[in-house]
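Read through the structure below, which is laid out as structure tokens, and then see the notes.
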Amino acid sequence: MDTSVLYNLPEFFSAVWRWSAHQDSRVSFAIGVATTIVIGRLFSLFANPAQKILAFAGFIVVAIIVLASWVSFAGVLQPGEIPFGKAASTPNVETLTEIQK
């Protein structure tokens, strides 16, 4: 394992952030949700009040990341476009309309 990542954590996180920004918005949203779950589990292990405050601050950070992912997802939609419209559309609807004509 290359331990140079441990020395360059800010650069590593910024590289992951840039990579996530160039992916499909659904991938970015999934990364945000996974980050929320992982950080939430890590902070749930703590019991004293100072650690609870840090856990709450972590929750706020994760909430901001999720919100940013959602805004990124909503930002790529065109006005009037239905999210995941291809999944809700009927396949081969053009063929059916041609047959009816």
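Going by the structure tokens order, chains are called A, B, ..., each with residues numbered from 1, while ligands are numbered from 1 in the order shown.
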
Can you pull out every residue within 12 Å of stretch 61-71 of chain A, counting only C-alpha atoms, but drop anything in the same chain fewer than 4 positions away, and send it as a PDB file with all heavy atoms, in the first residue's frame?
```
ATOM      1  N   TRP A  17     -13.042  14.772  -4.955  1.00  0.00           N
ATOM      2  CA  TRP A  17     -14.118  15.749  -5.174  1.00  0.00           C
ATOM      3  C   TRP A  17     -14.198  16.136  -6.650  1.00  0.00           C
ATOM      4  O   TRP A  17     -15.284  16.199  -7.230  1.00  0.00           O
ATOM      5  CB  TRP A  17     -13.870  16.971  -4.302  1.00  0.00           C
ATOM      6  CG  TRP A  17     -14.956  17.986  -4.374  1.00  0.00           C
ATOM      7  CD1 TRP A  17     -14.999  19.083  -5.161  1.00  0.00           C
ATOM      8  CD2 TRP A  17     -16.170  17.998  -3.630  1.00  0.00           C
ATOM      9  NE1 TRP A  17     -16.147  19.776  -4.950  1.00  0.00           N
ATOM     10  CE2 TRP A  17     -16.889  19.134  -4.013  1.00  0.00           C
ATOM     11  CE3 TRP A  17     -16.710  17.144  -2.662  1.00  0.00           C
ATOM     12  CZ2 TRP A  17     -18.130  19.446  -3.477  1.00  0.00           C
ATOM     13  CZ3 TRP A  17     -17.942  17.469  -2.129  1.00  0.00           C
ATOM     14  CH2 TRP A  17     -18.633  18.592  -2.533  1.00  0.00           C
ATOM     15  N   SER A  20     -15.539  13.200  -8.633  1.00  0.00           N
ATOM     16  CA  SER A  20     -16.978  13.080  -8.406  1.00  0.00           C
ATOM     17  C   SER A  20     -17.746  14.142  -9.174  1.00  0.00           C
ATOM     18  O   SER A  20     -18.832  13.884  -9.682  1.00  0.00           O
ATOM     19  CB  SER A  20     -17.267  13.191  -6.908  1.00  0.00           C
ATOM     20  OG  SER A  20     -18.645  13.195  -6.677  1.00  0.00           O
ATOM     21  N   ALA A  21     -17.195  15.337  -9.276  1.00  0.00           N
ATOM     22  CA  ALA A  21     -17.872  16.426  -9.979  1.00  0.00           C
ATOM     23  C   ALA A  21     -17.983  16.149 -11.468  1.00  0.00           C
ATOM     24  O   ALA A  21     -18.922  16.619 -12.116  1.00  0.00           O
ATOM     25  CB  ALA A  21     -17.132  17.733  -9.742  1.00  0.00           C
ATOM     26  N   GLN A  23     -18.389  13.138 -12.762  1.00  0.00           N
ATOM     27  CA  GLN A  23     -19.193  11.949 -13.001  1.00  0.00           C
ATOM     28  C   GLN A  23     -20.653  12.346 -13.218  1.00  0.00           C
ATOM     29  O   GLN A  23     -21.039  13.499 -13.072  1.00  0.00           O
ATOM     30  CB  GLN A  23     -19.095  10.992 -11.801  1.00  0.00           C
ATOM     31  CG  GLN A  23     -17.709  10.499 -11.520  1.00  0.00           C
ATOM     32  CD  GLN A  23     -17.073   9.824 -12.705  1.00  0.00           C
ATOM     33  OE1 GLN A  23     -17.678   8.959 -13.328  1.00  0.00           O
ATOM     34  NE2 GLN A  23     -15.866  10.223 -13.049  1.00  0.00           N
ATOM     35  N   ASP A  24     -21.448  11.358 -13.533  1.00  0.00           N
ATOM     36  CA  ASP A  24     -22.885  11.566 -13.634  1.00  0.00           C
ATOM     37  C   ASP A  24     -23.384  12.031 -12.265  1.00  0.00           C
ATOM     38  O   ASP A  24     -22.860  11.622 -11.228  1.00  0.00           O
ATOM     39  CB  ASP A  24     -23.541  10.240 -14.024  1.00  0.00           C
ATOM     40  CG  ASP A  24     -25.020  10.368 -14.273  1.00  0.00           C
ATOM     41  OD1 ASP A  24     -25.513  11.504 -14.375  1.00  0.00           O
ATOM     42  OD2 ASP A  24     -25.690   9.330 -14.370  1.00  0.00           O
ATOM     43  N   SER A  25     -24.387  12.883 -12.261  1.00  0.00           N
ATOM     44  CA  SER A  25     -24.857  13.442 -10.995  1.00  0.00           C
ATOM     45  C   SER A  25     -25.394  12.365 -10.062  1.00  0.00           C
ATOM     46  O   SER A  25     -25.331  12.510  -8.845  1.00  0.00           O
ATOM     47  CB  SER A  25     -25.923  14.501 -11.246  1.00  0.00           C
ATOM     48  OG  SER A  25     -26.984  13.949 -12.002  1.00  0.00           O
ATOM     49  N   ARG A  26     -25.896  11.265 -10.597  1.00  0.00           N
ATOM     50  CA  ARG A  26     -26.374  10.173  -9.742  1.00  0.00           C
ATOM     51  C   ARG A  26     -25.213   9.522  -9.003  1.00  0.00           C
ATOM     52  O   ARG A  26     -25.353   9.128  -7.848  1.00  0.00           O
ATOM     53  CB  ARG A  26     -27.132   9.144 -10.572  1.00  0.00           C
ATOM     54  CG  ARG A  26     -28.468   9.694 -11.084  1.00  0.00           C
ATOM     55  CD  ARG A  26     -29.083   8.750 -12.039  1.00  0.00           C
ATOM     56  NE  ARG A  26     -28.316   8.840 -13.277  1.00  0.00           N
ATOM     57  CZ  ARG A  26     -28.672   8.262 -14.405  1.00  0.00           C
ATOM     58  NH1 ARG A  26     -29.752   7.550 -14.473  1.00  0.00           N
ATOM     59  NH2 ARG A  26     -27.927   8.395 -15.488  1.00  0.00           N
ATOM     60  N   VAL A  27     -24.052   9.426  -9.669  1.00  0.00           N
ATOM     61  CA  VAL A  27     -22.861   8.870  -9.021  1.00  0.00           C
ATOM     62  C   VAL A  27     -22.420   9.796  -7.889  1.00  0.00           C
ATOM     63  O   VAL A  27     -22.102   9.336  -6.792  1.00  0.00           O
ATOM     64  CB  VAL A  27     -21.725   8.674 -10.045  1.00  0.00           C
ATOM     65  CG1 VAL A  27     -20.440   8.256  -9.362  1.00  0.00           C
ATOM     66  CG2 VAL A  27     -22.126   7.664 -11.104  1.00  0.00           C
ATOM     67  N   SER A  28     -22.429  11.107  -8.145  1.00  0.00           N
ATOM     68  CA  SER A  28     -22.060  12.069  -7.111  1.00  0.00           C
ATOM     69  C   SER A  28     -23.008  11.970  -5.919  1.00  0.00           C
ATOM     70  O   SER A  28     -22.582  12.024  -4.763  1.00  0.00           O
ATOM     71  CB  SER A  28     -22.093  13.495  -7.662  1.00  0.00           C
ATOM     72  OG  SER A  28     -21.168  13.622  -8.700  1.00  0.00           O
ATOM     73  N   PHE A  29     -24.290  11.829  -6.199  1.00  0.00           N
ATOM     74  CA  PHE A  29     -25.270  11.707  -5.120  1.00  0.00           C
ATOM     75  C   PHE A  29     -25.033  10.430  -4.323  1.00  0.00           C
ATOM     76  O   PHE A  29     -25.076  10.441  -3.094  1.00  0.00           O
ATOM     77  CB  PHE A  29     -26.689  11.726  -5.694  1.00  0.00           C
ATOM     78  CG  PHE A  29     -27.753  11.725  -4.648  1.00  0.00           C
ATOM     79  CD1 PHE A  29     -28.020  12.869  -3.925  1.00  0.00           C
ATOM     80  CD2 PHE A  29     -28.477  10.587  -4.378  1.00  0.00           C
ATOM     81  CE1 PHE A  29     -28.997  12.882  -2.948  1.00  0.00           C
ATOM     82  CE2 PHE A  29     -29.454  10.589  -3.405  1.00  0.00           C
ATOM     83  CZ  PHE A  29     -29.714  11.743  -2.689  1.00  0.00           C
ATOM     84  N   ALA A  30     -24.737   9.320  -4.995  1.00  0.00           N
ATOM     85  CA  ALA A  30     -24.465   8.055  -4.307  1.00  0.00           C
ATOM     86  C   ALA A  30     -23.212   8.168  -3.445  1.00  0.00           C
ATOM     87  O   ALA A  30     -23.167   7.638  -2.327  1.00  0.00           O
ATOM     88  CB  ALA A  30     -24.309   6.921  -5.316  1.00  0.00           C
ATOM     89  N   ILE A  31     -22.202   8.875  -3.939  1.00  0.00           N
ATOM     90  CA  ILE A  31     -20.986   9.077  -3.147  1.00  0.00           C
ATOM     91  C   ILE A  31     -21.316   9.890  -1.898  1.00  0.00           C
ATOM     92  O   ILE A  31     -20.824   9.594  -0.803  1.00  0.00           O
ATOM     93  CB  ILE A  31     -19.894   9.768  -3.989  1.00  0.00           C
ATOM     94  CG1 ILE A  31     -19.387   8.811  -5.059  1.00  0.00           C
ATOM     95  CG2 ILE A  31     -18.748  10.259  -3.117  1.00  0.00           C
ATOM     96  CD1 ILE A  31     -18.475   9.440  -6.073  1.00  0.00           C
ATOM     97  N   GLY A  32     -22.163  10.914  -2.044  1.00  0.00           N
ATOM     98  CA  GLY A  32     -22.574  11.706  -0.883  1.00  0.00           C
ATOM     99  C   GLY A  32     -23.331  10.883   0.137  1.00  0.00           C
ATOM    100  O   GLY A  32     -23.106  11.002   1.348  1.00  0.00           O
ATOM    101  N   VAL A  33     -24.225  10.012  -0.320  1.00  0.00           N
ATOM    102  CA  VAL A  33     -24.989   9.158   0.591  1.00  0.00           C
ATOM    103  C   VAL A  33     -24.064   8.173   1.292  1.00  0.00           C
ATOM    104  O   VAL A  33     -24.160   7.969   2.512  1.00  0.00           O
ATOM    105  CB  VAL A  33     -26.109   8.418  -0.172  1.00  0.00           C
ATOM    106  CG1 VAL A  33     -26.742   7.349   0.688  1.00  0.00           C
ATOM    107  CG2 VAL A  33     -27.161   9.415  -0.632  1.00  0.00           C
ATOM    108  N   ALA A  34     -23.137   7.568   0.548  1.00  0.00           N
ATOM    109  CA  ALA A  34     -22.197   6.627   1.158  1.00  0.00           C
ATOM    110  C   ALA A  34     -21.313   7.324   2.188  1.00  0.00           C
ATOM    111  O   ALA A  34     -21.058   6.780   3.272  1.00  0.00           O
ATOM    112  CB  ALA A  34     -21.333   5.974   0.080  1.00  0.00           C
ATOM    113  N   THR A  35     -20.882   8.552   1.875  1.00  0.00           N
ATOM    114  CA  THR A  35     -20.081   9.319   2.826  1.00  0.00           C
ATOM    115  C   THR A  35     -20.883   9.620   4.084  1.00  0.00           C
ATOM    116  O   THR A  35     -20.369   9.530   5.205  1.00  0.00           O
ATOM    117  CB  THR A  35     -19.601  10.632   2.179  1.00  0.00           C
ATOM    118  OG1 THR A  35     -18.889  10.310   0.984  1.00  0.00           O
ATOM    119  CG2 THR A  35     -18.707  11.411   3.110  1.00  0.00           C
ATOM    120  N   THR A  36     -22.153   9.956   3.911  1.00  0.00           N
ATOM    121  CA  THR A  36     -23.024  10.214   5.054  1.00  0.00           C
ATOM    122  C   THR A  36     -23.115   8.999   5.962  1.00  0.00           C
ATOM    123  O   THR A  36     -22.998   9.108   7.182  1.00  0.00           O
ATOM    124  CB  THR A  36     -24.435  10.587   4.568  1.00  0.00           C
ATOM    125  OG1 THR A  36     -24.358  11.719   3.731  1.00  0.00           O
ATOM    126  CG2 THR A  36     -25.355  10.874   5.729  1.00  0.00           C
ATOM    127  N   ILE A  37     -23.313   7.841   5.377  1.00  0.00           N
ATOM    128  CA  ILE A  37     -23.449   6.612   6.162  1.00  0.00           C
ATOM    129  C   ILE A  37     -22.160   6.297   6.894  1.00  0.00           C
ATOM    130  O   ILE A  37     -22.166   5.996   8.095  1.00  0.00           O
ATOM    131  CB  ILE A  37     -23.879   5.452   5.250  1.00  0.00           C
ATOM    132  CG1 ILE A  37     -25.307   5.691   4.748  1.00  0.00           C
ATOM    133  CG2 ILE A  37     -23.781   4.117   5.978  1.00  0.00           C
ATOM    134  CD1 ILE A  37     -25.736   4.750   3.651  1.00  0.00           C
ATOM    135  N   VAL A  38     -21.033   6.390   6.195  1.00  0.00           N
ATOM    136  CA  VAL A  38     -19.739   6.048   6.815  1.00  0.00           C
ATOM    137  C   VAL A  38     -19.414   7.005   7.958  1.00  0.00           C
ATOM    138  O   VAL A  38     -19.070   6.579   9.065  1.00  0.00           O
ATOM    139  CB  VAL A  38     -18.615   6.057   5.753  1.00  0.00           C
ATOM    140  CG1 VAL A  38     -17.248   5.997   6.405  1.00  0.00           C
ATOM    141  CG2 VAL A  38     -18.800   4.904   4.789  1.00  0.00           C
ATOM    142  N   ILE A  39     -19.534   8.308   7.721  1.00  0.00           N
ATOM    143  CA  ILE A  39     -19.209   9.273   8.769  1.00  0.00           C
ATOM    144  C   ILE A  39     -20.195   9.172   9.919  1.00  0.00           C
ATOM    145  O   ILE A  39     -19.813   9.268  11.091  1.00  0.00           O
ATOM    146  CB  ILE A  39     -19.151  10.698   8.180  1.00  0.00           C
ATOM    147  CG1 ILE A  39     -17.937  10.812   7.267  1.00  0.00           C
ATOM    148  CG2 ILE A  39     -19.070  11.742   9.287  1.00  0.00           C
ATOM    149  CD1 ILE A  39     -17.793  12.135   6.564  1.00  0.00           C
ATOM    150  N   GLY A  40     -21.455   8.934   9.611  1.00  0.00           N
ATOM    151  CA  GLY A  40     -22.446   8.764  10.680  1.00  0.00           C
ATOM    152  C   GLY A  40     -22.128   7.584  11.576  1.00  0.00           C
ATOM    153  O   GLY A  40     -22.255   7.658  12.799  1.00  0.00           O
ATOM    154  N   PHE A  43     -19.042   8.450  13.819  1.00  0.00           N
ATOM    155  CA  PHE A  43     -19.334   9.344  14.923  1.00  0.00           C
ATOM    156  C   PHE A  43     -20.319   8.749  15.922  1.00  0.00           C
ATOM    157  O   PHE A  43     -20.406   9.209  17.051  1.00  0.00           O
ATOM    158  CB  PHE A  43     -19.848  10.686  14.413  1.00  0.00           C
ATOM    159  CG  PHE A  43     -18.757  11.582  13.903  1.00  0.00           C
ATOM    160  CD1 PHE A  43     -18.695  11.931  12.573  1.00  0.00           C
ATOM    161  CD2 PHE A  43     -17.781  12.062  14.754  1.00  0.00           C
ATOM    162  CE1 PHE A  43     -17.693  12.745  12.097  1.00  0.00           C
ATOM    163  CE2 PHE A  43     -16.766  12.871  14.294  1.00  0.00           C
ATOM    164  CZ  PHE A  43     -16.725  13.218  12.963  1.00  0.00           C
ATOM    165  N   LEU A  54     -18.765  17.072  18.190  1.00  0.00           N
ATOM    166  CA  LEU A  54     -18.032  16.833  16.945  1.00  0.00           C
ATOM    167  C   LEU A  54     -18.848  15.986  15.974  1.00  0.00           C
ATOM    168  O   LEU A  54     -18.828  16.220  14.761  1.00  0.00           O
ATOM    169  CB  LEU A  54     -16.695  16.163  17.235  1.00  0.00           C
ATOM    170  CG  LEU A  54     -15.644  17.038  17.904  1.00  0.00           C
ATOM    171  CD1 LEU A  54     -14.416  16.204  18.246  1.00  0.00           C
ATOM    172  CD2 LEU A  54     -15.270  18.192  16.988  1.00  0.00           C
ATOM    173  N   ALA A  55     -19.590  15.014  16.511  1.00  0.00           N
ATOM    174  CA  ALA A  55     -20.439  14.194  15.651  1.00  0.00           C
ATOM    175  C   ALA A  55     -21.530  15.038  15.008  1.00  0.00           C
ATOM    176  O   ALA A  55     -21.848  14.865  13.835  1.00  0.00           O
ATOM    177  CB  ALA A  55     -21.057  13.060  16.463  1.00  0.00           C
ATOM    178  N   PHE A  56     -22.109  15.963  15.766  1.00  0.00           N
ATOM    179  CA  PHE A  56     -23.135  16.843  15.205  1.00  0.00           C
ATOM    180  C   PHE A  56     -22.533  17.735  14.119  1.00  0.00           C
ATOM    181  O   PHE A  56     -23.150  17.940  13.070  1.00  0.00           O
ATOM    182  CB  PHE A  56     -23.772  17.689  16.307  1.00  0.00           C
ATOM    183  CG  PHE A  56     -24.857  18.575  15.800  1.00  0.00           C
ATOM    184  CD1 PHE A  56     -26.077  18.045  15.424  1.00  0.00           C
ATOM    185  CD2 PHE A  56     -24.666  19.937  15.680  1.00  0.00           C
ATOM    186  CE1 PHE A  56     -27.090  18.845  14.933  1.00  0.00           C
ATOM    187  CE2 PHE A  56     -25.666  20.753  15.193  1.00  0.00           C
ATOM    188  CZ  PHE A  56     -26.879  20.212  14.823  1.00  0.00           C
ATOM    189  N   ALA A  57     -21.329  18.257  14.371  1.00  0.00           N
ATOM    190  CA  ALA A  57     -20.662  19.075  13.358  1.00  0.00           C
ATOM    191  C   ALA A  57     -20.393  18.244  12.105  1.00  0.00           C
ATOM    192  O   ALA A  57     -20.561  18.727  10.981  1.00  0.00           O
ATOM    193  CB  ALA A  57     -19.361  19.652  13.914  1.00  0.00           C
ATOM    194  N   GLY A  75     -29.294  20.662 -10.957  1.00  0.00           N
ATOM    195  CA  GLY A  75     -28.759  21.684 -11.850  1.00  0.00           C
ATOM    196  C   GLY A  75     -28.572  21.206 -13.273  1.00  0.00           C
ATOM    197  O   GLY A  75     -28.565  22.011 -14.194  1.00  0.00           O
ATOM    198  N   VAL A  76     -28.397  19.899 -13.479  1.00  0.00           N
ATOM    199  CA  VAL A  76     -28.198  19.404 -14.837  1.00  0.00           C
ATOM    200  C   VAL A  76     -29.517  19.168 -15.559  1.00  0.00           C
ATOM    201  O   VAL A  76     -29.525  18.924 -16.763  1.00  0.00           O
ATOM    202  CB  VAL A  76     -27.351  18.106 -14.857  1.00  0.00           C
ATOM    203  CG1 VAL A  76     -25.971  18.362 -14.312  1.00  0.00           C
ATOM    204  CG2 VAL A  76     -28.038  16.987 -14.126  1.00  0.00           C
ATOM    205  N   LEU A  77     -30.625  19.233 -14.840  1.00  0.00           N
ATOM    206  CA  LEU A  77     -31.923  19.023 -15.481  1.00  0.00           C
ATOM    207  C   LEU A  77     -32.332  20.257 -16.263  1.00  0.00           C
ATOM    208  O   LEU A  77     -32.091  21.381 -15.835  1.00  0.00           O
ATOM    209  CB  LEU A  77     -32.993  18.715 -14.425  1.00  0.00           C
ATOM    210  CG  LEU A  77     -32.805  17.428 -13.630  1.00  0.00           C
ATOM    211  CD1 LEU A  77     -33.873  17.328 -12.560  1.00  0.00           C
ATOM    212  CD2 LEU A  77     -32.870  16.231 -14.549  1.00  0.00           C
ATOM    213  N   PRO A  83     -37.023  14.046 -13.763  1.00  0.00           N
ATOM    214  CA  PRO A  83     -35.864  13.268 -13.315  1.00  0.00           C
ATOM    215  C   PRO A  83     -36.087  11.779 -13.586  1.00  0.00           C
ATOM    216  O   PRO A  83     -37.176  11.256 -13.368  1.00  0.00           O
ATOM    217  CB  PRO A  83     -35.796  13.540 -11.814  1.00  0.00           C
ATOM    218  CG  PRO A  83     -36.567  14.792 -11.621  1.00  0.00           C
ATOM    219  CD  PRO A  83     -37.599  14.825 -12.698  1.00  0.00           C
TER     220      PRO A  83
END
```
